[in-house]
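Here is coords_16.cif, consisting of mmCIF, C-alpha atoms:
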data_final
loop_
_atom_site.label_atom_id
_atom_site.label_comp_id
_atom_site.auth_asym_id
_atom_site.auth_seq_id
_atom_site.Cartn_x
_atom_site.Cartn_y
_atom_site.Cartn_z
CA MET A 1 -21.10 17.73 33.68
CA SER A 2 -21.27 21.49 33.86
CA ASP A 3 -24.45 23.59 34.11
CA HIS A 4 -24.68 27.08 32.66
CA ASP A 5 -26.86 30.14 33.05
CA ILE A 6 -28.06 31.45 29.71
CA THR A 7 -30.12 34.46 28.65
CA LEU A 8 -31.46 34.58 25.14
CA SER A 9 -34.31 35.98 23.09
CA VAL A 10 -36.82 33.47 21.74
CA ASN A 11 -39.38 34.92 19.33
CA GLY A 12 -38.80 38.34 20.87
CA THR A 13 -39.19 37.25 24.51
CA THR A 14 -36.16 37.37 26.80
CA ILE A 15 -35.64 34.07 28.57
CA ALA A 16 -33.18 33.17 31.34
CA ARG A 17 -32.60 29.53 32.31
CA ARG A 18 -29.96 27.20 33.70
CA VAL A 19 -29.07 24.33 31.35
CA PRO A 20 -26.78 21.31 31.39
CA ALA A 21 -23.99 21.68 28.83
CA ARG A 22 -25.13 18.76 26.71
CA ARG A 23 -28.74 20.00 26.23
CA THR A 24 -29.23 20.76 22.55
CA LEU A 25 -31.00 23.94 21.51
CA LEU A 26 -33.66 21.63 20.05
CA ASP A 27 -34.35 19.92 23.39
CA PHE A 28 -34.21 23.25 25.19
CA LEU A 29 -36.89 24.72 22.92
CA ARG A 30 -39.13 21.67 23.09
CA SER A 31 -38.67 20.47 26.68
CA ASP A 32 -37.66 23.54 28.68
CA LEU A 33 -39.81 26.08 26.83
CA GLY A 34 -42.60 23.82 25.54
CA LEU A 35 -42.13 25.13 21.99
CA THR A 36 -42.86 21.82 20.29
CA GLY A 37 -43.39 23.32 16.84
CA THR A 38 -39.69 22.72 16.20
CA HIS A 39 -39.61 19.01 15.39
CA ALA A 40 -37.06 16.43 16.49
CA GLY A 41 -36.34 14.11 13.57
CA CYS A 42 -32.97 12.45 13.16
CA GLU A 43 -31.14 14.39 15.92
CA HIS A 44 -27.86 14.21 14.04
CA GLY A 45 -28.16 16.93 11.46
CA VAL A 46 -29.44 15.04 8.45
CA CYS A 47 -33.20 15.65 8.19
CA GLY A 48 -33.64 19.40 8.75
CA ALA A 49 -36.91 19.11 10.73
CA CYS A 50 -35.38 21.03 13.67
CA THR A 51 -34.25 24.07 11.64
CA VAL A 52 -34.63 27.39 13.49
CA LEU A 53 -33.11 30.84 13.00
CA VAL A 54 -30.23 31.89 15.24
CA ASP A 55 -29.34 35.55 14.74
CA GLY A 56 -31.20 35.40 11.43
CA LEU A 57 -29.37 32.35 10.05
CA ALA A 58 -31.11 29.02 9.41
CA VAL A 59 -29.37 26.35 11.50
CA ARG A 60 -30.01 22.84 12.76
CA SER A 61 -31.08 23.18 16.40
CA CYS A 62 -30.00 19.58 17.07
CA LEU A 63 -26.41 20.47 16.15
CA MET A 64 -26.09 23.32 18.60
CA PHE A 65 -26.10 23.29 22.40
CA ALA A 66 -28.47 25.61 24.25
CA VAL A 67 -25.47 27.09 26.07
CA GLN A 68 -24.13 28.20 22.69
CA ALA A 69 -27.30 30.25 22.11
CA ASP A 70 -26.52 32.43 25.13
CA ALA A 71 -27.11 36.07 24.10
CA ALA A 72 -28.51 35.00 20.71
CA LYS A 73 -31.83 35.85 19.05
CA VAL A 74 -33.66 32.63 18.25
CA SER A 75 -36.75 32.45 16.03
CA THR A 76 -38.94 29.36 15.84
CA ILE A 77 -42.03 28.45 13.86
CA GLU A 78 -44.22 29.68 16.74
CA GLY A 79 -43.11 33.24 16.04
CA VAL A 80 -43.60 33.22 12.27
CA ALA A 81 -47.31 34.02 11.76
CA ASN A 82 -48.61 37.48 12.57
CA GLU A 83 -50.18 38.08 15.97
CA ASP A 84 -53.66 38.24 14.47
CA GLY A 85 -53.16 34.72 13.10
CA THR A 86 -52.66 35.70 9.46
CA LEU A 87 -49.94 33.69 7.81
CA HIS A 88 -46.42 34.78 6.93
CA PRO A 89 -45.87 34.91 3.12
CA VAL A 90 -43.81 31.70 3.28
CA GLN A 91 -46.56 29.90 5.18
CA GLN A 92 -49.18 31.26 2.79
CA ALA A 93 -47.17 30.12 -0.24
CA MET A 94 -46.77 26.62 1.24
CA HIS A 95 -50.51 26.52 2.03
CA ASP A 96 -51.60 27.76 -1.39
CA ASN A 97 -49.37 25.30 -3.26
CA HIS A 98 -50.04 22.17 -1.19
CA GLY A 99 -46.44 22.29 0.03
CA LEU A 100 -47.18 19.95 2.95
CA GLN A 101 -48.95 16.73 3.73
CA CYS A 102 -48.14 15.24 7.17
CA GLY A 103 -46.40 18.46 8.18
CA PHE A 104 -43.51 16.94 10.12
CA CYS A 105 -40.80 18.57 8.00
CA THR A 106 -42.75 21.78 7.39
CA PRO A 107 -41.62 23.98 10.31
CA GLY A 108 -37.99 23.47 9.29
CA ILE A 109 -38.68 24.23 5.64
CA VAL A 110 -40.61 27.37 6.55
CA MET A 111 -37.71 28.62 8.71
CA THR A 112 -35.16 28.03 5.92
CA LEU A 113 -37.31 29.80 3.32
CA LYS A 114 -38.12 32.62 5.75
CA SER A 115 -34.41 33.27 6.29
CA MET A 116 -33.86 33.44 2.53
CA THR A 117 -36.77 35.74 1.69
CA GLU A 118 -36.52 38.29 4.48
CA ALA A 119 -36.01 41.99 3.74
CA GLY A 120 -32.60 42.60 2.24
CA LYS A 121 -32.22 38.99 1.04
CA SER A 122 -32.47 38.17 -2.64
CA ALA A 123 -32.10 34.41 -2.87
CA SER A 124 -32.82 33.05 -6.33
CA ARG A 125 -35.22 30.24 -7.07
CA ASP A 126 -32.27 27.88 -7.62
CA GLU A 127 -30.62 28.87 -4.34
CA MET A 128 -33.85 28.20 -2.46
CA ALA A 129 -34.35 24.88 -4.25
CA ALA A 130 -30.76 23.89 -3.35
CA ALA A 131 -31.37 24.83 0.29
CA LEU A 132 -34.33 22.43 0.30
CA SER A 133 -31.84 19.58 -0.12
CA GLY A 134 -31.21 20.17 3.58
CA HIS A 135 -34.76 19.05 4.40
CA ILE A 136 -36.07 15.53 4.07
CA CYS A 137 -39.77 15.39 3.12
CA ARG A 138 -41.18 11.91 2.62
CA CYS A 139 -44.74 12.90 1.63
CA THR A 140 -44.84 15.57 -1.01
CA GLY A 141 -42.21 14.62 -3.54
CA TYR A 142 -41.23 18.29 -3.15
CA GLN A 143 -43.28 19.48 -6.12
CA GLY A 144 -45.70 21.55 -4.04
CA ILE A 145 -42.81 22.98 -2.03
CA LEU A 146 -41.00 23.93 -5.24
CA LYS A 147 -44.16 25.66 -6.46
CA ALA A 148 -44.14 27.67 -3.23
CA VAL A 149 -40.49 28.50 -3.93
CA ASP A 150 -41.41 29.64 -7.46
CA LEU A 151 -43.98 31.97 -5.95
CA LEU A 152 -41.60 33.31 -3.29
CA SER A 153 -38.87 33.99 -5.84
CA GLY A 154 -41.30 35.89 -8.05
CA ARG A 155 -41.47 33.20 -10.73
CA GLY A 156 -44.80 31.63 -9.85
CA GLU A 157 -48.31 32.84 -10.65
CA MET B 1 -29.27 10.24 20.13
CA LYS B 2 -28.24 12.54 22.97
CA PRO B 3 -24.61 13.51 23.51
CA PRO B 4 -22.94 11.97 26.57
CA PRO B 5 -22.27 14.37 29.49
CA PHE B 6 -19.30 16.74 29.21
CA ASP B 7 -17.93 19.88 30.82
CA TYR B 8 -18.17 22.96 28.65
CA PHE B 9 -15.88 25.98 28.42
CA ALA B 10 -16.25 29.00 26.15
CA PRO B 11 -12.97 30.89 26.54
CA GLU B 12 -12.94 34.60 25.68
CA THR B 13 -9.39 34.68 24.30
CA LEU B 14 -7.10 32.43 22.28
CA GLU B 15 -4.64 32.41 25.18
CA GLU B 16 -7.32 31.09 27.51
CA ALA B 17 -8.40 28.46 24.96
CA LEU B 18 -4.81 27.24 24.55
CA SER B 19 -4.25 26.95 28.29
CA LEU B 20 -7.47 24.94 28.62
CA LEU B 21 -6.25 22.64 25.83
CA ALA B 22 -2.89 22.31 27.58
CA GLU B 23 -4.64 21.49 30.86
CA TYR B 24 -7.10 18.88 29.56
CA GLY B 25 -5.05 17.39 26.70
CA ASP B 26 -6.64 14.35 25.09
CA GLU B 27 -9.74 14.60 27.32
CA ALA B 28 -10.74 17.80 25.55
CA GLN B 29 -12.10 18.42 22.11
CA PRO B 30 -12.21 21.89 20.55
CA LEU B 31 -15.74 22.76 19.34
CA ALA B 32 -15.86 24.94 16.21
CA GLY B 33 -19.12 24.91 14.22
CA GLY B 34 -20.10 21.51 15.57
CA GLN B 35 -21.66 20.31 12.32
CA SER B 36 -19.59 17.12 12.33
CA LEU B 37 -18.58 16.90 15.99
CA VAL B 38 -22.10 17.19 17.45
CA PRO B 39 -23.45 14.32 15.29
CA MET B 40 -20.43 12.26 16.38
CA LEU B 41 -21.33 13.02 20.01
CA ALA B 42 -25.00 12.20 19.42
CA LEU B 43 -24.01 8.89 17.82
CA ARG B 44 -21.55 8.33 20.72
CA MET B 45 -18.70 7.91 18.24
CA SER B 46 -16.78 10.47 20.27
CA ARG B 47 -16.95 10.97 24.07
CA PRO B 48 -14.72 13.87 25.12
CA ALA B 49 -14.93 14.80 28.81
CA VAL B 50 -14.49 18.48 27.98
CA LEU B 51 -15.63 20.65 25.07
CA ILE B 52 -13.79 23.91 24.48
CA ASP B 53 -16.09 26.10 22.39
CA LEU B 54 -14.20 28.53 20.17
CA ARG B 55 -17.21 30.72 19.38
CA HIS B 56 -15.96 33.83 21.20
CA LEU B 57 -12.56 33.82 19.48
CA ASN B 58 -13.07 36.54 16.89
CA GLU B 59 -9.33 36.51 16.19
CA LEU B 60 -9.87 33.13 14.51
CA ARG B 61 -12.41 34.55 12.04
CA GLY B 62 -11.90 36.41 8.82
CA ILE B 63 -10.43 36.20 5.36
CA ALA B 64 -7.42 38.15 4.10
CA MET B 65 -5.19 38.25 1.02
CA ASP B 66 -1.64 39.06 1.99
CA GLY B 67 1.87 38.49 0.69
CA THR B 68 1.65 34.78 1.45
CA GLY B 69 -1.71 34.18 -0.22
CA LEU B 70 -5.28 33.69 0.92
CA ARG B 71 -5.51 33.32 4.69
CA LEU B 72 -8.70 31.97 6.22
CA GLY B 73 -9.18 32.12 9.97
CA ALA B 74 -10.07 28.63 11.16
CA MET B 75 -13.43 29.76 12.63
CA THR B 76 -14.56 31.37 9.36
CA THR B 77 -17.82 29.66 8.50
CA GLN B 78 -18.28 27.96 5.17
CA ALA B 79 -21.15 30.38 4.45
CA GLU B 80 -18.90 33.39 5.18
CA ALA B 81 -16.22 32.07 2.83
CA LEU B 82 -18.84 31.42 0.13
CA ALA B 83 -20.12 34.99 0.46
CA SER B 84 -16.61 36.48 0.32
CA GLN B 85 -15.71 38.47 -2.80
CA GLN B 86 -12.05 37.91 -1.96
CA VAL B 87 -12.43 34.14 -2.09
CA ALA B 88 -14.55 34.30 -5.25
CA GLN B 89 -11.91 36.40 -7.02
CA ALA B 90 -8.72 34.86 -5.69
CA LEU B 91 -9.63 31.19 -5.45
CA PRO B 92 -12.96 30.41 -7.17
CA GLY B 93 -12.21 26.69 -6.98
CA LEU B 94 -12.68 26.94 -3.21
CA CYS B 95 -16.22 28.24 -3.77
CA ASP B 96 -16.93 25.25 -6.03
CA ALA B 97 -15.77 22.97 -3.22
CA LEU B 98 -17.68 24.85 -0.50
CA HIS B 99 -20.95 24.61 -2.45
CA LEU B 100 -20.64 20.84 -2.01
CA VAL B 101 -20.02 21.00 1.76
CA GLY B 102 -23.14 19.87 3.63
CA HIS B 103 -26.26 21.94 3.22
CA PHE B 104 -27.16 25.64 3.26
CA GLN B 105 -28.18 25.23 6.91
CA THR B 106 -25.00 23.44 8.06
CA ARG B 107 -22.73 25.87 6.18
CA ASN B 108 -24.14 28.66 8.34
CA ARG B 109 -22.35 27.15 11.34
CA GLY B 110 -19.78 24.75 9.91
CA THR B 111 -16.29 26.21 9.73
CA ILE B 112 -13.37 25.76 7.33
CA GLY B 113 -10.96 24.98 10.16
CA GLY B 114 -13.27 22.58 11.97
CA SER B 115 -13.69 20.52 8.83
CA ILE B 116 -9.97 20.50 8.00
CA SER B 117 -8.91 19.55 11.51
CA LEU B 118 -11.52 16.79 11.89
CA GLY B 119 -10.28 15.21 8.64
CA GLU B 120 -13.46 13.38 7.68
CA PRO B 121 -12.21 11.27 4.73
CA ALA B 122 -15.29 11.98 2.58
CA ALA B 123 -15.38 15.75 3.25
CA GLU B 124 -14.43 18.40 0.70
CA ASN B 125 -12.33 20.84 2.76
CA PRO B 126 -9.61 18.35 3.79
CA ALA B 127 -9.21 17.03 0.21
CA PHE B 128 -9.13 20.58 -1.15
CA ALA B 129 -6.43 21.59 1.34
CA LEU B 130 -4.48 18.44 0.45
CA ALA B 131 -4.67 19.04 -3.32
CA LEU B 132 -3.61 22.68 -2.95
CA GLU B 133 -0.96 21.89 -0.34
CA ALA B 134 -2.35 24.44 2.08
CA ASP B 135 -0.27 25.57 5.03
CA LEU B 136 -2.00 24.95 8.34
CA GLU B 137 -1.20 27.14 11.33
CA LEU B 138 -1.23 25.27 14.65
CA CYS B 139 -1.01 27.13 17.96
CA SER B 140 -0.39 25.91 21.47
CA VAL B 141 1.02 27.34 24.69
CA ARG B 142 4.34 26.01 23.39
CA GLY B 143 4.20 28.27 20.33
CA THR B 144 3.05 28.34 16.71
CA ARG B 145 4.06 26.01 13.92
CA ILE B 146 3.08 25.66 10.28
CA ILE B 147 2.44 22.23 8.85
CA ASN B 148 1.56 21.47 5.26
CA ALA B 149 -1.72 19.67 4.60
CA THR B 150 0.30 16.94 2.84
CA GLN B 151 1.81 16.07 6.25
CA PHE B 152 -1.38 16.51 8.28
CA TYR B 153 -3.59 13.47 7.74
CA THR B 154 -2.08 10.47 9.50
CA GLY B 155 -4.97 7.99 9.77
CA PRO B 156 -8.75 7.67 10.09
CA TYR B 157 -9.87 10.91 11.80
CA SER B 158 -6.36 11.36 13.12
CA THR B 159 -4.04 14.20 12.25
CA ALA B 160 -0.65 15.64 13.13
CA ARG B 161 -2.36 18.11 15.50
CA ALA B 162 -1.12 17.45 19.04
CA ASP B 163 -3.76 17.31 21.80
CA ASP B 164 -2.79 20.73 23.11
CA GLU B 165 -2.75 22.37 19.67
CA LEU B 166 -5.45 24.33 17.89
CA LEU B 167 -5.75 24.90 14.16
CA THR B 168 -5.96 28.69 13.93
CA ALA B 169 -5.64 29.47 10.21
CA ILE B 170 -5.41 27.95 6.75
CA ARG B 171 -3.21 29.54 4.08
CA TYR B 172 -3.60 28.88 0.38
CA CYS B 173 -0.45 29.98 -1.47
CA PRO B 174 -0.89 31.40 -5.02
CA ALA B 175 2.21 29.49 -6.23
CA ASN B 176 0.10 26.34 -5.85
CA TRP B 177 -2.95 27.57 -7.79
CA ALA B 178 -3.54 26.47 -11.35
CA ARG B 179 -6.65 25.02 -12.99
CA ILE B 180 -8.62 23.78 -10.02
CA GLY B 181 -11.77 21.69 -10.05
CA ILE B 182 -13.81 19.34 -7.94
CA GLU B 183 -16.30 16.61 -8.83
CA GLU B 184 -18.16 14.23 -6.57
CA ILE B 185 -20.98 11.74 -6.51
CA ALA B 186 -23.25 11.69 -3.46
CA GLN B 187 -26.64 10.11 -2.79
CA ARG B 188 -28.24 13.47 -2.20
CA GLN B 189 -26.91 16.97 -2.78
CA GLY B 190 -25.05 17.88 0.41
CA ASP B 191 -24.43 14.34 1.63
CA PHE B 192 -20.93 13.01 2.08
CA ALA B 193 -19.39 12.01 -1.23
CA LEU B 194 -19.40 8.32 -2.13
CA SER B 195 -16.45 9.27 -4.29
CA GLY B 196 -14.96 12.66 -5.06
CA LEU B 197 -11.85 14.22 -6.54
CA VAL B 198 -10.10 17.59 -6.35
CA ALA B 199 -7.67 18.27 -9.21
CA ASN B 200 -5.14 21.04 -9.67
CA LEU B 201 -3.44 21.13 -13.08
CA GLU B 202 -0.76 23.48 -14.32
CA ILE B 203 -0.66 23.65 -18.11
CA ASP B 204 2.39 24.70 -20.10
CA GLY B 205 1.54 24.95 -23.80
CA HIS B 206 0.39 21.54 -24.94
CA ARG B 207 1.73 19.71 -21.90
CA ILE B 208 0.74 19.30 -18.27
CA ALA B 209 3.51 20.86 -16.20
CA LYS B 210 2.25 19.88 -12.77
CA ALA B 211 -0.68 17.92 -11.40
CA SER B 212 -2.08 17.20 -8.00
CA LEU B 213 -5.08 14.98 -7.37
CA ALA B 214 -6.78 14.40 -4.03
CA TRP B 215 -9.50 11.83 -3.53
CA LEU B 216 -12.31 12.10 -1.01
CA GLY B 217 -14.38 9.14 0.14
CA MET B 218 -11.87 6.71 -1.36
CA GLY B 219 -10.03 5.59 1.76
CA SER B 220 -9.74 6.16 5.48
CA THR B 221 -8.18 9.62 4.97
CA PRO B 222 -8.25 12.13 2.13
CA LEU B 223 -5.71 10.70 -0.32
CA ARG B 224 -3.33 12.03 -2.97
CA ALA B 225 -2.84 9.95 -6.11
CA PRO B 226 0.95 10.03 -6.64
CA SER B 227 1.14 7.44 -9.45
CA ALA B 228 -1.43 9.29 -11.54
CA GLU B 229 0.21 12.64 -10.75
CA ALA B 230 3.57 11.28 -11.97
CA ALA B 231 1.97 10.04 -15.18
CA LEU B 232 0.32 13.42 -15.78
CA CYS B 233 3.46 15.50 -15.24
CA GLY B 234 4.96 16.31 -18.60
CA ALA B 235 2.22 14.45 -20.48
CA ASP B 236 1.14 15.70 -23.90
CA ILE B 237 -2.50 16.74 -23.61
CA ALA B 238 -3.38 15.63 -27.14
CA THR B 239 -2.32 12.01 -26.60
CA LEU B 240 -3.31 11.70 -22.95
CA ASP B 241 -5.40 8.61 -22.13
CA LEU B 242 -7.58 9.67 -19.21
CA GLU B 243 -8.88 6.16 -18.62
CA GLU B 244 -5.32 4.99 -18.08
CA VAL B 245 -4.78 7.88 -15.65
CA ALA B 246 -7.97 6.89 -13.84
CA GLU B 247 -6.71 3.32 -13.36
CA LEU B 248 -3.43 4.64 -11.93
CA ALA B 249 -5.29 7.05 -9.65
CA LEU B 250 -7.61 4.28 -8.42
CA GLY B 251 -4.53 2.20 -7.64
CA ASP B 252 -3.60 4.87 -5.11
CA THR B 253 -6.90 4.48 -3.22
CA ASP B 254 -8.16 2.08 -0.60
CA PRO B 255 -11.94 2.50 -0.66
CA LEU B 256 -14.15 1.02 2.05
CA GLU B 257 -17.36 -0.87 1.58
CA ASP B 258 -20.35 0.31 3.61
CA SER B 259 -24.15 0.36 3.44
CA HIS B 260 -24.02 3.25 0.93
CA ALA B 261 -21.73 1.79 -1.72
CA SER B 262 -19.61 -1.21 -2.59
CA ILE B 263 -15.92 -0.93 -3.40
CA ALA B 264 -16.69 -1.64 -7.06
CA TYR B 265 -19.27 1.15 -7.14
CA ARG B 266 -16.88 3.64 -5.55
CA CYS B 267 -14.19 2.72 -8.09
CA GLN B 268 -16.58 3.07 -11.01
CA ALA B 269 -17.76 6.43 -9.66
CA GLY B 270 -14.11 7.48 -9.20
CA ARG B 271 -13.25 6.49 -12.77
CA THR B 272 -16.19 8.49 -14.10
CA ILE B 273 -15.51 11.65 -12.13
CA LEU B 274 -11.78 11.61 -12.84
CA THR B 275 -12.23 11.44 -16.61
CA ARG B 276 -15.03 14.03 -16.43
CA LEU B 277 -13.08 16.44 -14.22
CA LEU B 278 -9.71 16.21 -15.99
CA GLY B 279 -11.44 16.39 -19.38
CA ARG B 280 -13.19 19.57 -18.29
CA LEU B 281 -10.05 21.21 -16.82
CA LEU B 282 -7.94 20.35 -19.89
CA ALA B 283 -10.58 21.80 -22.22
CA GLU B 284 -10.57 25.16 -20.40
CA ARG B 285 -8.97 27.90 -22.42
CA SER B 286 -5.86 29.47 -20.97
CA PRO B 287 -6.44 33.06 -19.94
CA VAL B 288 -5.13 35.38 -22.67
CA ALA B 289 -1.97 37.04 -21.42
#
Represent the structure of the file as structure tokens.
Amino acid sequence: MSDHDITLSVNGTTIARRVPARRTLLDFLRSDLGLTGTHAGCEHGVCGACTVLVDGLAVRSCLMFAVQADAAKVSTIEGVANEDGTLHPVQQAMHDNHGLQCGFCTPGIVMTLKSMTEAGKSASRDEMAAALSGHICRCTGYQGILKAVDLLSGRGE
Amino acid sequence: MKPPPFDYFAPETLEEALSLLAEYGDEAQPLAGGQSLVPMLALRMSRPAVLIDLRHLNELRGIAMDGTGLRLGAMTTQAEALASQQVAQALPGLCDALHLVGHFQTRNRGTIGGSISLGEPAAENPAFALALEADLELCSVRGTRIINATQFYTGPYSTARADDELLTAIRYCPANWARIGIEEIAQRQGDFALSGLVANLEIDGHRIAKASLAWLGMGSTPLRAPSAEAALCGADIATLDLEEVAELALGDTDPLEDSHASIAYRCQAGRTILTRLLGRLLAERSPVA
């Protein structure tokens, strides 16, 4: 098994590490960097709990090897809120609309919605709702999350 | 749920990738977007000793319309193809199919070529390529050859690609485009289809001039439905019995039973989507000349 030197940016910090080829980006974030806000659910791409942004795109971190993130910019849930602790608009919308209960799926959902609502993006309410099909939530029945989506797409109160 | 150990290469050029494939042969697996291959590794369904990551090969990306039709580089992601004005204008049916491929998050990495060369029987891209008789460009150190999608799928997850070959591009030829549609039934939006169908119908006045139908999720490979196609060719639209066509088309399938659906359920779903899809395509108005 081959090992590889990688250098990448995680939440704005440059990180250099040596990783075995088979280490997923998910395990790298959680085990090597201690960033356990990205959750490990199914580990085969079905549940969406491990969603992070790689070069601005929402991807499953369990379906990508850390070595493939060499030279990439990775954003995780730990980097979403402002430094003073105030919430990102996506987090605030989820909070205000009871978009979470146990919270296991929430980091992934926040990363997907963040990628779709960032400056220059104009995802519609329906596009965001369709993207939620990539996240399994077993608590909320999705209604609170959809209310947050209404708000983020300018349709909510 | 961790992939077994492997050696990893990320060649910088196509030439380098092809010589690695020639060197490692059946021990190696090309890695495109990884949205099907990495789950198969995690589930230990596949255990290649070597992964050859194609991510640096920019020459395998991109979409172009040229004299031969719509050419998609194999490493073009499904999200890139969905965002492409060229695809939306030239071949909107492909967008309909791509919207059904996995989820928003997997389409950001999943590629057109990766999906077509893996040949997952319930996936949309292989069935779409089969229905539209796409030309597939295969490269190796021995040279380049073109194989039609109708000759490509040889068995469960096995294709006519030799171990040292790489799928580099997919070409959709305008001569094969008519009224194109796709329908599928899945447990959840974005999941693999329990049953799905791609149809391509050429209408001449009140008759069907040409028809191709490709099933997904209805056998161990994507499957054409030759008996139903033969019945559709030349048929008068006004007197066409779609339920009869559905029975013929189901006769061309060999669905499997698994924890998601019984054979009877898959057949009933297939019957429903065939009549729905063909009914919709036949009701479309011809573009005014």
Checklist line | Residue nearest Phe6 in chain B - candidates A:Val59, A:Phe65, A:Gly99, A:Gly12, atoms counted: all atoms listed in the file | finding: A:Phe65
Check: Which residue out of B:Gln89, B:Asn108, B:Thr275, B:Ser117 has the minimum interatomic distance to Glu137 in chain B when all atoms listed in the file are used?
Finding: B:Ser117
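For the set B:Asn176, B:Thr111, B:Gln189, B:Thr144, the residue with the smallest atom-to-atom gap to chain A is B:Gln189, counting all atoms listed in the file.
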Next item on the list: Please measure the separation of CA of Ala58 in chain A and CA of Leu25 in chain A, giving the value in Å to one decimal.
Entry: 13.1 Å
Checklist line | Pick from B:Leu166, B:Ala129, B:Tyr172, B:Glu257 nearest to Trp215 in chain B, counting all atoms listed in the file | finding: B:Ala129
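Interatomic distance, CA of Gln68 in chain A to CA of Pro107 in chain A: 21.8 Å.
With all atoms listed in the file as the atoms that count, the minimum distance from Pro20 in chain A to the choices A:Val74, A:Val54, A:Ala66, A:Ile136 is reached by A:Ala66.
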Item checked: Point-to-point distance from CA of Arg109 in chain B to CA of Ala129 in chain A, Å rounded to tenths -> 19.8 Å
Check: What do you get, as an MDAnalysis selection string, if you spell out every residue that the PyMOL selection byres ((chain B and resi 274) around 12) selects here?
Finding: chainID B and resid 181:185 195:200 213:216 225 228 241:250 266:273 275:282
Next item on the list: Would you be able to write out as a ChimeraX atom specification which residues have an atom within 10 Å of (-25.2, 22.3, 8.5) in the file's coordinates, counting only C-alpha atoms?
Entry: /A:45-46,48,51,58-61,63,134 /B:33-36,78-79,101-111,190
Would you write out those residues with C-alpha atoms, as an mmCIF file, in the coordinates of the input?
data_model
loop_
_atom_site.group_PDB
_atom_site.id
_atom_site.type_symbol
_atom_site.label_atom_id
_atom_site.label_comp_id
_atom_site.auth_asym_id
_atom_site.auth_seq_id
_atom_site.Cartn_x
_atom_site.Cartn_y
_atom_site.Cartn_z
ATOM 1 C CA GLY A 45 -28.160 16.930 11.460
ATOM 2 C CA VAL A 46 -29.440 15.040 8.450
ATOM 3 C CA GLY A 48 -33.640 19.400 8.750
ATOM 4 C CA THR A 51 -34.250 24.070 11.640
ATOM 5 C CA ALA A 58 -31.110 29.020 9.410
ATOM 6 C CA VAL A 59 -29.370 26.350 11.500
ATOM 7 C CA ARG A 60 -30.010 22.840 12.760
ATOM 8 C CA SER A 61 -31.080 23.180 16.400
ATOM 9 C CA LEU A 63 -26.410 20.470 16.150
ATOM 10 C CA GLY A 134 -31.210 20.170 3.580
ATOM 11 C CA GLY B 33 -19.120 24.910 14.220
ATOM 12 C CA GLY B 34 -20.100 21.510 15.570
ATOM 13 C CA GLN B 35 -21.660 20.310 12.320
ATOM 14 C CA SER B 36 -19.590 17.120 12.330
ATOM 15 C CA GLN B 78 -18.280 27.960 5.170
ATOM 16 C CA ALA B 79 -21.150 30.380 4.450
ATOM 17 C CA VAL B 101 -20.020 21.000 1.760
ATOM 18 C CA GLY B 102 -23.140 19.870 3.630
ATOM 19 C CA HIS B 103 -26.260 21.940 3.220
ATOM 20 C CA PHE B 104 -27.160 25.640 3.260
ATOM 21 C CA GLN B 105 -28.180 25.230 6.910
ATOM 22 C CA THR B 106 -25.000 23.440 8.060
ATOM 23 C CA ARG B 107 -22.730 25.870 6.180
ATOM 24 C CA ASN B 108 -24.140 28.660 8.340
ATOM 25 C CA ARG B 109 -22.350 27.150 11.340
ATOM 26 C CA GLY B 110 -19.780 24.750 9.910
ATOM 27 C CA THR B 111 -16.290 26.210 9.730
ATOM 28 C CA GLY B 190 -25.050 17.880 0.410
#
Regenerate range 66-74 of chain B at the level of N, CA and C atoms and dump it as a PDB file, keeping the file's coordinate frame.
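The new file out31.pdb reads:
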ATOM      1  N   ASP B  66      -2.869  38.329   1.661  1.00  0.00           N
ATOM      2  CA  ASP B  66      -1.640  39.060   1.990  1.00  0.00           C
ATOM      3  C   ASP B  66      -0.504  38.514   1.140  1.00  0.00           C
ATOM      4  N   GLY B  67       0.716  38.892   1.485  1.00  0.00           N
ATOM      5  CA  GLY B  67       1.870  38.490   0.690  1.00  0.00           C
ATOM      6  C   GLY B  67       1.991  36.979   0.537  1.00  0.00           C
ATOM      7  N   THR B  68       1.477  36.227   1.501  1.00  0.00           N
ATOM      8  CA  THR B  68       1.650  34.780   1.450  1.00  0.00           C
ATOM      9  C   THR B  68       0.476  34.075   0.770  1.00  0.00           C
ATOM     10  N   GLY B  69      -0.577  34.826   0.450  1.00  0.00           N
ATOM     11  CA  GLY B  69      -1.710  34.180  -0.220  1.00  0.00           C
ATOM     12  C   GLY B  69      -3.019  34.470   0.490  1.00  0.00           C
ATOM     13  N   LEU B  70      -3.946  33.527   0.338  1.00  0.00           N
ATOM     14  CA  LEU B  70      -5.280  33.690   0.920  1.00  0.00           C
ATOM     15  C   LEU B  70      -5.274  33.019   2.298  1.00  0.00           C
ATOM     16  N   ARG B  71      -5.529  33.830   3.327  1.00  0.00           N
ATOM     17  CA  ARG B  71      -5.510  33.320   4.690  1.00  0.00           C
ATOM     18  C   ARG B  71      -6.921  33.292   5.241  1.00  0.00           C
ATOM     19  N   LEU B  72      -7.361  32.113   5.650  1.00  0.00           N
ATOM     20  CA  LEU B  72      -8.700  31.970   6.220  1.00  0.00           C
ATOM     21  C   LEU B  72      -8.562  31.632   7.693  1.00  0.00           C
ATOM     22  N   GLY B  73      -9.144  32.459   8.556  1.00  0.00           N
ATOM     23  CA  GLY B  73      -9.180  32.120   9.970  1.00  0.00           C
ATOM     24  C   GLY B  73      -9.947  30.826  10.134  1.00  0.00           C
ATOM     25  N   ALA B  74      -9.485  29.972  11.053  1.00  0.00           N
ATOM     26  CA  ALA B  74     -10.070  28.630  11.160  1.00  0.00           C
ATOM     27  C   ALA B  74     -11.553  28.662  11.491  1.00  0.00           C
TER      28      ALA B  74
END
